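Structure record follows, encoded as structure tokens.
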Amino acid sequence: MKMDLTGRVALVTGGSRGIGRAIALALAQAGADVAVNYRRGKDEADEVVAEITKMGRKAKAYAASVENFEEDQVMVADVLKDFGSIGILVNNAGIASRGQTVADTDPLELERVLRVHALAPHFMSKLVIPHMRKEKRGDIIIISSVATLHHAANGGPYNMGKAAGEALALTLAKEERKHGIRTNIVAPGLTATDMGSRLAAARAGKKGMDIHDLDATMPFGHVCSPEEVAAAVVYFVSDANPYANGQKLNIDGGGN
């Protein structure tokens, strides 16, 4: 079995930076053409597209707030027009909550976080699945978090959103397997991204700290990299995975 994605088209939400960027590049390295979604940061998205193009693969950036169904409709239609198909959907776009207790959480924050982590993957999957069913193989990935293992205090909106995303994945795994679509979950722990750095600094109470200051305290001597998360995604969507469906892979070095 090879992790060769030649001839397949992937759509990665939140693909302009961090984990999404690494996933988009890894899919392209494995042979896929990639549609890169972003909400803001057009320059960053264009840089990802340029890197993919240098690999000899097709790529294009698409601006859309994935929690907005109308914008998703336009984006999916544009991707299909430009690429002809979508065989891989990576629901990666995400935002952090503000670390408040449930009693102190602003209802507007709760709604926004849930829309991004729970409603957006539902919207995207709903729009892509009818086209994915026509492919020889389809794959949907939900990027979750090990937060759903612990449900730590002061993270209600994020914990709820990620748990809902996992529920969606497990539901889709049963609904769509008859159409040759596999749905799986990749759940990183603390990862060396901008969001991860802000989270680490907030936990430590040190503004502007370098996340790699934590390397010595982490499994295998380093904070998880976006590329290590991306490797799990490539495995799940490739022929190296013929049978895993409805599964969750925690990328946290075994915990710490």
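Ordering of the structure tokens sets the chain letters (A, B, ...); residue numbers start at 1 within each chain; ligands are numbered from 1 in the order shown.
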
Long-range neighbours of Glu135 of chain A as a PDB file with N, CA and C atoms, in the first residue's frame, 10 Å cut-off, only C-alpha atoms, 4 positions minimum in chain:
```pdb
ATOM      1  N   ARG A   8      -6.067  12.900  -7.122  1.00  0.00           N
ATOM      2  CA  ARG A   8      -7.125  13.263  -6.189  1.00  0.00           C
ATOM      3  C   ARG A   8      -7.079  14.750  -5.862  1.00  0.00           C
ATOM      4  N   SER A  85     -13.548  18.046  -9.189  1.00  0.00           N
ATOM      5  CA  SER A  85     -13.970  17.070  -8.195  1.00  0.00           C
ATOM      6  C   SER A  85     -13.405  17.451  -6.835  1.00  0.00           C
ATOM      7  N   ILE A  86     -13.936  16.810  -5.794  1.00  0.00           N
ATOM      8  CA  ILE A  86     -13.364  16.901  -4.443  1.00  0.00           C
ATOM      9  C   ILE A  86     -13.428  15.506  -3.854  1.00  0.00           C
ATOM     10  N   GLY A  87     -12.276  14.892  -3.656  1.00  0.00           N
ATOM     11  CA  GLY A  87     -12.238  13.539  -3.109  1.00  0.00           C
ATOM     12  C   GLY A  87     -11.772  13.479  -1.672  1.00  0.00           C
ATOM     13  N   ILE A  88     -11.201  14.602  -1.182  1.00  0.00           N
ATOM     14  CA  ILE A  88     -10.707  14.668   0.190  1.00  0.00           C
ATOM     15  C   ILE A  88     -11.159  15.991   0.790  1.00  0.00           C
ATOM     16  N   ILE A 129     -20.258  16.077   0.104  1.00  0.00           N
ATOM     17  CA  ILE A 129     -20.581  14.646   0.013  1.00  0.00           C
ATOM     18  C   ILE A 129     -21.286  14.248  -1.283  1.00  0.00           C
ATOM     19  N   PRO A 130     -22.297  14.987  -1.762  1.00  0.00           N
ATOM     20  CA  PRO A 130     -22.951  14.546  -3.002  1.00  0.00           C
ATOM     21  C   PRO A 130     -21.984  14.400  -4.172  1.00  0.00           C
ATOM     22  N   HIS A 131     -20.946  15.202  -4.202  1.00  0.00           N
ATOM     23  CA  HIS A 131     -19.940  15.117  -5.262  1.00  0.00           C
ATOM     24  C   HIS A 131     -18.906  14.030  -4.944  1.00  0.00           C
ATOM     25  N   HIS A 179     -20.991   4.469   0.433  1.00  0.00           N
ATOM     26  CA  HIS A 179     -20.605   5.221  -0.763  1.00  0.00           C
ATOM     27  C   HIS A 179     -19.085   5.271  -0.943  1.00  0.00           C
ATOM     28  N   GLY A 180     -18.357   4.468  -0.158  1.00  0.00           N
ATOM     29  CA  GLY A 180     -16.908   4.429  -0.295  1.00  0.00           C
ATOM     30  C   GLY A 180     -16.202   5.602   0.353  1.00  0.00           C
ATOM     31  N   ILE A 181     -16.896   6.283   1.263  1.00  0.00           N
ATOM     32  CA  ILE A 181     -16.314   7.439   1.958  1.00  0.00           C
ATOM     33  C   ILE A 181     -15.925   7.036   3.372  1.00  0.00           C
TER      34      ILE A 181
END
```

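Omitting segment 113-128 of chain A and its sequence neighbours fewer than 5 positions away, and counting only C-alpha atoms, the residues within 8 Å are Val66, Glu67, Asn68, Phe69, Asp72, Gln73, Val76, Ile86, Leu89, Asn91, Ala93, Gly94, Ile95, Ala96, Ser97, Ile140, Ile142, Pro157, Tyr158, Met160, Gly161, Lys162, Ala164, Gly165 and Leu168 of chain A.
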
Could you take the residues named above and write them with N, CA and C atoms, as a tab-separated table (two decimals), in the first residue's frame?
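Full text of selection.tsv as output:
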```tsv
chain	number	residue	atom	x	y	z
A	66	VAL	N	-15.91	29.64	7.02
A	66	VAL	CA	-16.57	28.34	6.88
A	66	VAL	C	-17.81	28.20	7.74
A	67	GLU	N	-17.97	29.06	8.75
A	67	GLU	CA	-19.18	29.00	9.57
A	67	GLU	C	-20.37	29.67	8.89
A	68	ASN	N	-20.15	30.21	7.68
A	68	ASN	CA	-21.20	30.86	6.91
A	68	ASN	C	-21.60	29.94	5.75
A	69	PHE	N	-22.80	29.39	5.81
A	69	PHE	CA	-23.21	28.39	4.82
A	69	PHE	C	-23.23	28.94	3.41
A	72	ASP	N	-19.80	29.06	2.08
A	72	ASP	CA	-19.37	27.69	1.79
A	72	ASP	C	-19.93	27.21	0.45
A	73	GLN	N	-21.18	27.53	0.20
A	73	GLN	CA	-21.80	27.13	-1.07
A	73	GLN	C	-21.03	27.69	-2.26
A	76	VAL	N	-17.43	25.91	-2.49
A	76	VAL	CA	-17.46	24.54	-3.01
A	76	VAL	C	-17.77	24.54	-4.50
A	86	ILE	N	-13.94	16.81	-5.79
A	86	ILE	CA	-13.36	16.90	-4.44
A	86	ILE	C	-13.43	15.51	-3.85
A	89	LEU	N	-11.81	15.94	1.94
A	89	LEU	CA	-12.20	17.14	2.67
A	89	LEU	C	-11.56	17.09	4.05
A	91	ASN	N	-11.60	19.10	7.40
A	91	ASN	CA	-12.23	20.14	8.20
A	91	ASN	C	-11.27	20.54	9.32
A	93	ALA	N	-10.31	24.18	9.95
A	93	ALA	CA	-10.43	25.54	10.46
A	93	ALA	C	-10.89	25.54	11.92
A	94	GLY	N	-10.25	26.37	12.73
A	94	GLY	CA	-10.61	26.40	14.14
A	94	GLY	C	-10.19	27.69	14.81
A	95	ILE	N	-10.82	27.96	15.94
A	95	ILE	CA	-10.46	29.10	16.78
A	95	ILE	C	-10.45	28.65	18.23
A	96	ALA	N	-9.73	29.39	19.06
A	96	ALA	CA	-9.65	29.06	20.48
A	96	ALA	C	-10.73	29.81	21.25
A	97	SER	N	-11.13	29.26	22.39
A	97	SER	CA	-11.99	30.01	23.29
A	97	SER	C	-11.11	30.80	24.26
A	140	ILE	N	-13.14	12.08	4.49
A	140	ILE	CA	-13.40	13.28	5.28
A	140	ILE	C	-12.61	13.17	6.57
A	142	ILE	N	-11.86	15.12	10.24
A	142	ILE	CA	-12.17	16.16	11.22
A	142	ILE	C	-10.92	16.36	12.08
A	157	PRO	N	-16.53	26.28	25.62
A	157	PRO	CA	-16.89	26.39	24.19
A	157	PRO	C	-16.02	25.51	23.29
A	158	TYR	N	-14.71	25.51	23.55
A	158	TYR	CA	-13.79	24.71	22.72
A	158	TYR	C	-14.06	23.22	22.93
A	160	MET	N	-16.78	21.77	23.89
A	160	MET	CA	-18.08	21.44	23.29
A	160	MET	C	-17.99	21.38	21.77
A	161	GLY	N	-17.29	22.35	21.18
A	161	GLY	CA	-17.18	22.38	19.73
A	161	GLY	C	-16.43	21.18	19.19
A	162	LYS	N	-15.32	20.84	19.81
A	162	LYS	CA	-14.53	19.69	19.34
A	162	LYS	C	-15.29	18.38	19.55
A	164	ALA	N	-18.49	18.01	19.49
A	164	ALA	CA	-19.53	17.96	18.46
A	164	ALA	C	-18.95	17.57	17.10
A	165	GLY	N	-17.75	18.08	16.80
A	165	GLY	CA	-17.10	17.70	15.55
A	165	GLY	C	-16.82	16.20	15.49
A	168	LEU	N	-19.99	14.36	14.76
A	168	LEU	CA	-20.28	14.43	13.33
A	168	LEU	C	-19.48	13.38	12.57
```

Inset, instruction - Would you mind reading off the distance between atom CA of Asn37 of chain A and atom CA of Thr53 of chain A, one decimal, in Å? - result: 15.7 Å

Asp104 of chain A environment, 12 Å, only C-alpha atoms, sequence neighbours closer than 5 positions dropped, as a short mmCIF file (atom, residue, chain, number, x, y, z; two decimals) with C-alpha atoms, in the first residue's frame:
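Result written to out.cif:
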```
data_model
loop_
_atom_site.label_atom_id
_atom_site.label_comp_id
_atom_site.auth_asym_id
_atom_site.auth_seq_id
_atom_site.Cartn_x
_atom_site.Cartn_y
_atom_site.Cartn_z
CA ARG A 98 -10.96 32.64 25.84
CA GLY A 99 -10.36 30.44 28.87
CA GLU A 109 -18.20 33.66 22.15
CA LEU A 110 -19.90 30.32 22.73
CA ASN A 154 -12.14 27.02 31.52
CA GLY A 155 -12.58 25.65 28.02
CA GLY A 156 -16.29 24.98 27.70
CA PRO A 157 -16.89 26.39 24.19
#
```

Inset, instruction - Excluding Pro242 of chain A and residues on its chain fewer than 5 positions from it, collect all residues at most 10 Å away from it, counting only C-alpha atoms, and give them as a PyMOL selection string. - result: chain A and resi 1+182+235-237

Legend entry - Proximity to Leu27 of chain A - best of A:Leu170, A:Ala231, A:Ala77, A:Val49, only C-alpha atoms: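 The closest residue to Leu27 of chain A is A:Ala231.
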
Inset, instruction - Using only C-alpha atoms, find the one residue out of A:Ser238, A:Glu175, A:Asp43, A:Ile211 that sits nearest to Gly7 of chain A. - result: A:Ser238

Legend entry - Proximity to Ala10 of chain A - best of A:Glu71, A:Asp139, A:Asp239, A:Asp210, only C-alpha atoms: A:Asp139

Inset, instruction - Would you please give, as number ranges by chain, all residues of segment 97-172 of chain A that DSSP assigns to strand (DSSP E or B) based on the backbone? - result: A: 138-143
